[in-house]
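For reference, target.pdb is printed below; it contains PDB, C-alpha atoms.
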MODEL        1
ATOM      1  CA  SER Y 876       0.018  -9.561  31.283  1.00  0.00           C
ATOM      2  CA  GLY Y 877      -1.177 -11.200  28.074  1.00  0.00           C
ATOM      3  CA  LYS Y 878      -0.806  -8.637  25.281  1.00  0.00           C
ATOM      4  CA  SER Y 879       0.554 -11.092  22.702  1.00  0.00           C
ATOM      5  CA  THR Y 880      -1.872 -13.759  23.893  1.00  0.00           C
ATOM      6  CA  LEU Y 881      -4.778 -11.371  23.340  1.00  0.00           C
ATOM      7  CA  ALA Y 882      -3.470 -10.469  19.865  1.00  0.00           C
ATOM      8  CA  ASN Y 883      -3.146 -14.141  18.914  1.00  0.00           C
ATOM      9  CA  ALA Y 884      -6.610 -14.968  20.292  1.00  0.00           C
ATOM     10  CA  ILE Y 885      -8.208 -12.170  18.243  1.00  0.00           C
ATOM     11  CA  ALA Y 886      -6.370 -13.314  15.100  1.00  0.00           C
ATOM     12  CA  GLY Y 887      -7.498 -16.914  15.664  1.00  0.00           C
ATOM     13  CA  ASN Y 888      -4.148 -18.581  16.285  1.00  0.00           C
ATOM     14  CA  PRO Y 889      -5.138 -22.232  16.850  1.00  0.00           C
ATOM     15  CA  ALA Y 890      -2.576 -22.539  19.674  1.00  0.00           C
ATOM     16  CA  TYR Y 891      -4.875 -20.333  21.774  1.00  0.00           C
ATOM     17  CA  THR Y 892      -8.405 -21.190  22.882  1.00  0.00           C
ATOM     18  CA  THR Y 893     -11.114 -18.847  24.047  1.00  0.00           C
ATOM     19  CA  ASP Y 894     -12.597 -20.362  27.188  1.00  0.00           C
ATOM     20  CA  SER Y 895     -15.238 -17.705  27.757  1.00  0.00           C
ATOM     21  CA  GLY Y 896     -16.557 -14.562  26.169  1.00  0.00           C
ATOM     22  CA  THR Y 897     -16.886 -13.713  22.501  1.00  0.00           C
ATOM     23  CA  ILE Y 898     -14.897 -11.891  19.861  1.00  0.00           C
ATOM     24  CA  ILE Y 899     -17.104  -9.530  17.883  1.00  0.00           C
ATOM     25  CA  PHE Y 900     -15.754  -8.068  14.633  1.00  0.00           C
ATOM     26  CA  ASN Y 901     -17.894  -5.923  12.325  1.00  0.00           C
ATOM     27  CA  ASN Y 902     -20.994  -6.938  14.281  1.00  0.00           C
ATOM     28  CA  SER Y 903     -20.272 -10.652  13.757  1.00  0.00           C
ATOM     29  CA  ASP Y 904     -19.277 -13.207  16.360  1.00  0.00           C
ATOM     30  CA  ILE Y 905     -15.977 -14.602  15.058  1.00  0.00           C
ATOM     31  CA  THR Y 906     -15.048 -16.528  18.197  1.00  0.00           C
ATOM     32  CA  ASN Y 907     -15.239 -19.872  16.390  1.00  0.00           C
ATOM     33  CA  GLU Y 908     -13.965 -18.725  12.984  1.00  0.00           C
ATOM     34  CA  ASN Y 909     -10.597 -20.063  11.848  1.00  0.00           C
ATOM     35  CA  THR Y 910      -7.533 -17.917  11.260  1.00  0.00           C
ATOM     36  CA  THR Y 911      -7.960 -17.863   7.485  1.00  0.00           C
ATOM     37  CA  THR Y 912     -11.548 -16.626   7.660  1.00  0.00           C
ATOM     38  CA  ARG Y 913     -10.606 -13.937  10.175  1.00  0.00           C
ATOM     39  CA  ALA Y 914      -7.771 -12.781   7.910  1.00  0.00           C
ATOM     40  CA  LEU Y 915     -10.048 -12.688   4.873  1.00  0.00           C
ATOM     41  CA  MET Y 916     -12.624 -10.726   6.882  1.00  0.00           C
ATOM     42  CA  GLY Y 917      -9.955  -8.073   7.418  1.00  0.00           C
ATOM     43  CA  ILE Y 918      -7.988  -8.941  10.555  1.00  0.00           C
ATOM     44  CA  PHE Y 919      -4.211  -8.702  10.171  1.00  0.00           C
ATOM     45  CA  LEU Y 920      -1.637  -9.819  12.730  1.00  0.00           C
ATOM     46  CA  GLY Y 921       1.895  -8.535  12.395  1.00  0.00           C
ATOM     47  CA  SER Y 922       3.782 -10.878  14.691  1.00  0.00           C
ATOM     48  CA  GLN Y 923       6.642  -9.953  16.937  1.00  0.00           C
ATOM     49  CA  HIS Y 924       8.639 -12.865  15.518  1.00  0.00           C
ATOM     50  CA  VAL Y 925       7.878 -13.112  11.806  1.00  0.00           C
ATOM     51  CA  PRO Y 926       8.426 -16.689  10.568  1.00  0.00           C
ATOM     52  CA  GLU Y 927      10.572 -17.812   7.652  1.00  0.00           C
ATOM     53  CA  ILE Y 928       8.856 -19.706   4.825  1.00  0.00           C
ATOM     54  CA  PRO Y 929      11.564 -21.365   2.707  1.00  0.00           C
ATOM     55  CA  GLY Y 930      10.566 -22.052  -0.901  1.00  0.00           C
ATOM     56  CA  LEU Y 931       7.696 -19.542  -1.000  1.00  0.00           C
ATOM     57  CA  THR Y 932       8.694 -16.308  -2.694  1.00  0.00           C
ATOM     58  CA  ILE Y 933       7.434 -12.993  -1.432  1.00  0.00           C
ATOM     59  CA  LEU Y 934       5.920 -12.328  -4.861  1.00  0.00           C
ATOM     60  CA  SER Y 935       3.952 -15.586  -4.842  1.00  0.00           C
ATOM     61  CA  PHE Y 936       2.884 -15.140  -1.214  1.00  0.00           C
ATOM     62  CA  LEU Y 937       1.578 -11.627  -1.853  1.00  0.00           C
ATOM     63  CA  LYS Y 938      -0.108 -12.575  -5.120  1.00  0.00           C
ATOM     64  CA  HIS Y 939      -2.093 -15.438  -3.581  1.00  0.00           C
ATOM     65  CA  SER Y 940      -2.927 -13.393  -0.499  1.00  0.00           C
ATOM     66  CA  CYS Y 941      -4.200 -10.438  -2.534  1.00  0.00           C
ATOM     67  CA  ILE Y 942      -6.218 -12.665  -4.863  1.00  0.00           C
ATOM     68  CA  ALA Y 943      -7.895 -14.372  -1.885  1.00  0.00           C
ATOM     69  CA  HIS Y 944      -8.645 -11.074  -0.118  1.00  0.00           C
ATOM     70  CA  THR Y 945     -10.079  -9.450  -3.238  1.00  0.00           C
ATOM     71  CA  HIS Y 946     -12.270 -12.451  -4.032  1.00  0.00           C
ATOM     72  CA  PHE Y 947     -13.515 -12.844  -0.427  1.00  0.00           C
ATOM     73  CA  GLN Y 948     -14.181  -9.164   0.256  1.00  0.00           C
ATOM     74  CA  LEU Y 949     -15.353  -7.936  -3.146  1.00  0.00           C
ATOM     75  CA  GLY Y 950     -16.415 -11.117  -4.920  1.00  0.00           C
ATOM     76  CA  GLN Y 951     -14.150 -10.099  -7.800  1.00  0.00           C
ATOM     77  CA  ASP Y 952     -11.051 -11.485  -9.429  1.00  0.00           C
ATOM     78  CA  LEU Y 953      -7.804  -9.545  -9.247  1.00  0.00           C
ATOM     79  CA  SER Y 954      -5.977  -9.360 -12.559  1.00  0.00           C
ATOM     80  CA  MET Y 955      -2.213  -9.791 -12.697  1.00  0.00           C
ATOM     81  CA  GLY Y 956      -1.943  -6.231 -14.029  1.00  0.00           C
ATOM     82  CA  GLN Y 957      -3.898  -4.832 -11.070  1.00  0.00           C
ATOM     83  CA  PHE Y 958      -1.800  -6.862  -8.650  1.00  0.00           C
ATOM     84  CA  LEU Y 959       1.515  -5.751 -10.180  1.00  0.00           C
ATOM     85  CA  GLU Y 960       0.455  -2.098 -10.222  1.00  0.00           C
ATOM     86  CA  LYS Y 961      -0.529  -2.258  -6.560  1.00  0.00           C
ATOM     87  CA  LEU Y 962       2.674  -4.129  -5.695  1.00  0.00           C
ATOM     88  CA  GLU Y 963       4.900  -1.596  -7.475  1.00  0.00           C
ATOM     89  CA  SER Y 964       3.227   1.294  -5.655  1.00  0.00           C
ATOM     90  CA  ALA Y 965       3.611  -0.386  -2.240  1.00  0.00           C
ATOM     91  CA  ARG Y 966       7.173  -1.490  -2.964  1.00  0.00           C
ATOM     92  CA  ALA Y 967       8.138   2.063  -3.924  1.00  0.00           C
ATOM     93  CA  GLN Y 968       6.420   3.530  -0.845  1.00  0.00           C
ATOM     94  CA  LEU Y 969       8.501   1.230   1.386  1.00  0.00           C
ATOM     95  CA  ASN Y 970      11.707   1.508  -0.662  1.00  0.00           C
ATOM     96  CA  ILE Y 971      11.904  -2.274  -1.050  1.00  0.00           C
ATOM     97  CA  PRO Y 972      14.343  -3.479  -3.709  1.00  0.00           C
ATOM     98  CA  GLN Y 973      12.726  -5.369  -6.604  1.00  0.00           C
ATOM     99  CA  GLN Y 974      15.026  -8.389  -6.089  1.00  0.00           C
ATOM    100  CA  TRP Y 975      13.562  -9.033  -2.622  1.00  0.00           C
ATOM    101  CA  LEU Y 976      10.320 -10.159  -4.271  1.00  0.00           C
ATOM    102  CA  ASN Y 977      12.001 -13.306  -5.657  1.00  0.00           C
ATOM    103  CA  ARG Y 978      13.437 -14.355  -2.306  1.00  0.00           C
ATOM    104  CA  SER Y 979      11.773 -16.786   0.109  1.00  0.00           C
ATOM    105  CA  VAL Y 980       9.581 -15.136   2.715  1.00  0.00           C
ATOM    106  CA  ASN Y 981      11.825 -13.759   5.475  1.00  0.00           C
ATOM    107  CA  VAL Y 982      14.701 -16.173   4.762  1.00  0.00           C
ATOM    108  CA  GLY Y 983      17.973 -14.327   5.303  1.00  0.00           C
ATOM    109  CA  PHE Y 984      16.302 -11.003   6.090  1.00  0.00           C
ATOM    110  CA  SER Y 985      17.310  -8.818   9.033  1.00  0.00           C
ATOM    111  CA  GLY Y 986      14.765  -7.823  11.681  1.00  0.00           C
ATOM    112  CA  GLY Y 987      14.135  -4.455  10.035  1.00  0.00           C
ATOM    113  CA  GLU Y 988      13.832  -6.026   6.576  1.00  0.00           C
ATOM    114  CA  ARG Y 989      11.278  -8.505   7.931  1.00  0.00           C
ATOM    115  CA  LYS Y 990       9.274  -5.563   9.276  1.00  0.00           C
ATOM    116  CA  LYS Y 991       9.321  -3.984   5.795  1.00  0.00           C
ATOM    117  CA  ILE Y 992       7.972  -7.231   4.301  1.00  0.00           C
ATOM    118  CA  MET Y 993       5.240  -7.223   6.968  1.00  0.00           C
ATOM    119  CA  LEU Y 994       4.381  -3.634   5.986  1.00  0.00           C
ATOM    120  CA  LEU Y 995       4.293  -4.657   2.323  1.00  0.00           C
ATOM    121  CA  GLN Y 996       1.741  -7.366   3.123  1.00  0.00           C
ATOM    122  CA  LEU Y 997      -0.219  -4.891   5.247  1.00  0.00           C
ATOM    123  CA  ILE Y 998      -0.418  -2.336   2.425  1.00  0.00           C
ATOM    124  CA  MET Y 999      -1.238  -4.978  -0.181  1.00  0.00           C
ATOM    125  CA  THR Y1000      -4.134  -6.531   1.786  1.00  0.00           C
ATOM    126  CA  GLN Y1001      -5.552  -3.285   3.273  1.00  0.00           C
ATOM    127  CA  PRO Y1002      -7.090  -4.937   6.371  1.00  0.00           C
ATOM    128  CA  LYS Y1003      -9.889  -3.366   8.366  1.00  0.00           C
ATOM    129  CA  PHE Y1004      -8.135  -4.116  11.675  1.00  0.00           C
ATOM    130  CA  ALA Y1005      -4.371  -4.548  12.025  1.00  0.00           C
ATOM    131  CA  ILE Y1006      -2.751  -5.797  15.191  1.00  0.00           C
ATOM    132  CA  LEU Y1007       0.981  -5.113  15.235  1.00  0.00           C
ATOM    133  CA  ASP Y1008       2.713  -6.960  18.062  1.00  0.00           C
ATOM    134  CA  GLU Y1009       5.854  -4.965  18.885  1.00  0.00           C
ATOM    135  CA  PRO Y1010       6.444  -3.732  15.337  1.00  0.00           C
ATOM    136  CA  ASP Y1011       9.314  -1.623  16.674  1.00  0.00           C
ATOM    137  CA  SER Y1012      11.174  -4.668  18.016  1.00  0.00           C
ATOM    138  CA  GLY Y1013      14.345  -5.285  16.000  1.00  0.00           C
ATOM    139  CA  ALA Y1014      13.753  -2.185  13.883  1.00  0.00           C
ATOM    140  CA  ASP Y1015      16.195   0.721  13.667  1.00  0.00           C
ATOM    141  CA  ASN Y1016      15.021   4.342  13.957  1.00  0.00           C
ATOM    142  CA  GLN Y1017      14.523   4.695  10.194  1.00  0.00           C
ATOM    143  CA  THR Y1018      12.374   1.539  10.024  1.00  0.00           C
ATOM    144  CA  GLN Y1019      10.401   2.619  13.094  1.00  0.00           C
ATOM    145  CA  GLN Y1020       9.647   5.910  11.345  1.00  0.00           C
ATOM    146  CA  LEU Y1021       8.579   3.982   8.221  1.00  0.00           C
ATOM    147  CA  ILE Y1022       6.231   1.833  10.340  1.00  0.00           C
ATOM    148  CA  ALA Y1023       4.719   4.936  11.947  1.00  0.00           C
ATOM    149  CA  ASP Y1024       4.332   6.639   8.554  1.00  0.00           C
ATOM    150  CA  THR Y1025       2.658   3.523   7.109  1.00  0.00           C
ATOM    151  CA  ILE Y1026       0.195   3.400   9.999  1.00  0.00           C
ATOM    152  CA  LYS Y1027      -0.660   7.057   9.464  1.00  0.00           C
ATOM    153  CA  SER Y1028      -1.074   6.525   5.691  1.00  0.00           C
ATOM    154  CA  MET Y1029      -3.871   3.966   6.158  1.00  0.00           C
ATOM    155  CA  PRO Y1030      -6.905   5.884   7.493  1.00  0.00           C
ATOM    156  CA  ASP Y1031      -9.352   3.084   6.630  1.00  0.00           C
ATOM    157  CA  THR Y1032      -7.516   0.607   8.873  1.00  0.00           C
ATOM    158  CA  THR Y1033      -7.893   0.552  12.641  1.00  0.00           C
ATOM    159  CA  PHE Y1034      -4.583  -0.254  14.296  1.00  0.00           C
ATOM    160  CA  LEU Y1035      -3.842  -1.854  17.619  1.00  0.00           C
ATOM    161  CA  PHE Y1036      -0.128  -1.917  18.238  1.00  0.00           C
ATOM    162  CA  ILE Y1037       1.765  -3.305  21.175  1.00  0.00           C
ATOM    163  CA  SER Y1038       4.924  -1.477  22.165  1.00  0.00           C
ATOM    164  CA  HIS Y1039       7.156  -1.044  25.161  1.00  0.00           C
ATOM    165  CA  GLN Y1040       8.920   1.977  23.657  1.00  0.00           C
ATOM    166  CA  GLN Y1041       7.430   5.382  24.387  1.00  0.00           C
ATOM    167  CA  SER Y1042       9.567   6.873  21.591  1.00  0.00           C
ATOM    168  CA  PHE Y1043       7.814   4.624  19.027  1.00  0.00           C
ATOM    169  CA  THR Y1044       4.393   5.370  20.511  1.00  0.00           C
ATOM    170  CA  ASP Y1045       5.183   9.081  20.184  1.00  0.00           C
ATOM    171  CA  LEU Y1046       6.026   8.574  16.473  1.00  0.00           C
ATOM    172  CA  VAL Y1047       2.611   7.041  15.832  1.00  0.00           C
ATOM    173  CA  SER Y1048       0.622   9.483  18.004  1.00  0.00           C
ATOM    174  CA  PRO Y1049      -2.235   7.058  18.750  1.00  0.00           C
ATOM    175  CA  THR Y1050      -5.725   8.331  19.467  1.00  0.00           C
ATOM    176  CA  HIS Y1051      -5.985   6.084  22.530  1.00  0.00           C
ATOM    177  CA  THR Y1052      -3.571   4.329  24.838  1.00  0.00           C
ATOM    178  CA  ILE Y1053      -4.736   1.087  26.382  1.00  0.00           C
ATOM    179  CA  THR Y1054      -2.974  -0.556  29.286  1.00  0.00           C
ATOM    180  CA  LEU Y1055      -3.410  -4.256  29.940  1.00  0.00           C
ATOM    181  CA  SER Y1056      -2.642  -5.034  33.576  1.00  0.00           C
ATOM    182  CA  ASP Y1057      -3.487  -8.214  35.464  1.00  0.00           C
ATOM    183  CA  GLY Y1058      -5.879  -9.205  32.681  1.00  0.00           C
ATOM    184  CA  GLN Y1059      -7.814  -5.923  32.890  1.00  0.00           C
ATOM    185  CA  ILE Y1060      -8.078  -3.428  30.028  1.00  0.00           C
ATOM    186  CA  MET Y1061      -7.733   0.248  30.944  1.00  0.00           C
ATOM    187  CA  ILE Y1062      -8.292   2.916  28.255  1.00  0.00           C
ATOM    188  CA  GLN Y1063      -6.538   6.244  28.829  1.00  0.00           C
TER     189      GLN Y1063
ENDMDL
END
When written as structure tokens, how does the structure in this file appear?
Amino acid sequence: SGKSTLANAIAGNPAYTTDSGTIIFNNSDITNENTTTRALMGIFLGSQHVPEIPGLTILSFLKHSCIAHTHFQLGQDLSMGQFLEKLESARAQLNIPQQWLNRSVNVGFSGGERKKIMLLQLIMTQPKFAILDEPDSGADNQTQQLIADTIKSMPDTTFLFISHQQSFTDLVSPTHTITLSDGQIMIQ
């Protein structure tokens, strides 16, 4: 009934157009903002199918992303020392091997490993609003628990996650459950 479409529209995916209505984020109309601006403003989309980016290392991807977020949100530069300290803390929290950082983004990673890389980006950028489209898809029980624990460890981020698994929803213990049916939003 349009859950992924809604997530992509909020994140500003250019493949989706908003024909009517507005998207308000932090009291600003972002309906016509591009994906990059929305991301820098603090909107994060963890896709159901995380793409591969051959030739771009995870380290480089995270470094440039964190530098852009810090500059946009705080008007400050992020030193390499600050970045590496933050990266080491996040990497340890997620139990990600150091050697993964020199690999191309998602190339040769399993579904669960891709989810860990998504979580690493999430922790590194500290978005205000994170949409996770079926984060439990392709993830084993241990990775699902790690996703739930990461969500719970970020109290300054509002999460909207899409899931078809009640067992994963129970792990997260959301404050609200929203059902999207026939294009209508119902909050329970």
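A straight line drawn from CA of Ala965 in chain Y to CA of Leu995 in chain Y is 6.3 Å long.
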Have a look at CA of Arg966 in chain Y and CA of Ser1038 in chain Y and let me know their distance in Å, one decimal.
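It comes out at 25.2 Å.
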I'd like to see the residues matched by the PyMOL selection byres ((chain Y and resi 901-907) around 10) on this file, and ideally I'd get them as a PyMOL selection string.
chain Y and resi 884-887+892-893+895-900+908-910+912-913+916-917+1003-1004
I'd like the interatomic distance between CA of Thr1044 in chain Y and CA of Leu962 in chain Y, to a tenth of an Å.
27.9 Å
Which residues match the PyMOL selection byres ((chain Y and resi 947) around 12) in the file above, as an MDAnalysis selection string?
chainID Y and resid 911:917 940:946 948:953 1000
Taking 5 positions as the minimum chain separation for residues in the same chain, which residues sit within 12 Å of range 1048-1050 of chain Y when counting all atoms listed in the file? Answer as an MDAnalysis selection string.
chainID Y and resid 1020 1023:1024 1026:1027 1033:1038 1041:1043 1062:1063
Counting only C-alpha atoms, the residue of Y:Thr1052, Y:Pro1030, Y:Ile998, Y:Gly1058 that sits nearest Gln968 in chain Y
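The shortest atom-to-atom distance to Gln968 in chain Y comes from Y:Ile998.
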Run through the PyMOL selection byres ((chain Y and resi 1013) around 6) on the given coordinates and return the selected residues as a count of residues only.
3
Kindly indicate which residue among Y:Asn981, Y:Leu1007, Y:Ile1022, Y:Leu937 lies nearest to Phe958 in chain Y, using only C-alpha atoms for the distances.
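The shortest atom-to-atom distance to Phe958 in chain Y comes from Y:Leu937.
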Looking at Y:Ser1056, Y:Asn888, Y:Ser935, Y:Gln1040, which one is nearest to Gln996 in chain Y, with distances taken over all atoms listed in the file?
Y:Ser935
Option closest in space to Glu960 in chain Y, from Y:Met1061, Y:Leu1046, Y:Met999, Y:Leu931 [counting only C-alpha atoms]
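Comparing Y:Met1061, Y:Leu1046, Y:Met999, Y:Leu931 against Glu960 in chain Y, the winner is Y:Met999.
Among the candidates Y:Ile1006, Y:Asp894, Y:Lys938, Y:Trp975, the one nearest to Ser879 in chain Y when counting all atoms listed in the file is Y:Ile1006.
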Which polymer residues have any atom within 7 Å of an atom of Glu927 in chain Y, counting all atoms listed in the file, with same-chain residues fewer than 2 positions away left out, as a short mmCIF file (atom, residue, chain, number, x, y, z; two decimals) with C-alpha atoms, keeping the file's coordinate frame?
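Once everything was written out, this is around.cif:
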data_model
loop_
_atom_site.label_atom_id
_atom_site.label_comp_id
_atom_site.auth_asym_id
_atom_site.auth_seq_id
_atom_site.Cartn_x
_atom_site.Cartn_y
_atom_site.Cartn_z
CA VAL Y 925 7.88 -13.11 11.81
CA PRO Y 929 11.56 -21.36 2.71
CA VAL Y 980 9.58 -15.14 2.72
CA ASN Y 981 11.82 -13.76 5.48
CA VAL Y 982 14.70 -16.17 4.76
#
Tell me which of Y:Gly921, Y:Gly930, Y:Pro1010, Y:Gly877 sits closest to Asn977 in chain Y, counting only C-alpha atoms.
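Among the listed residues, Y:Gly930 lies closest to Asn977 in chain Y.
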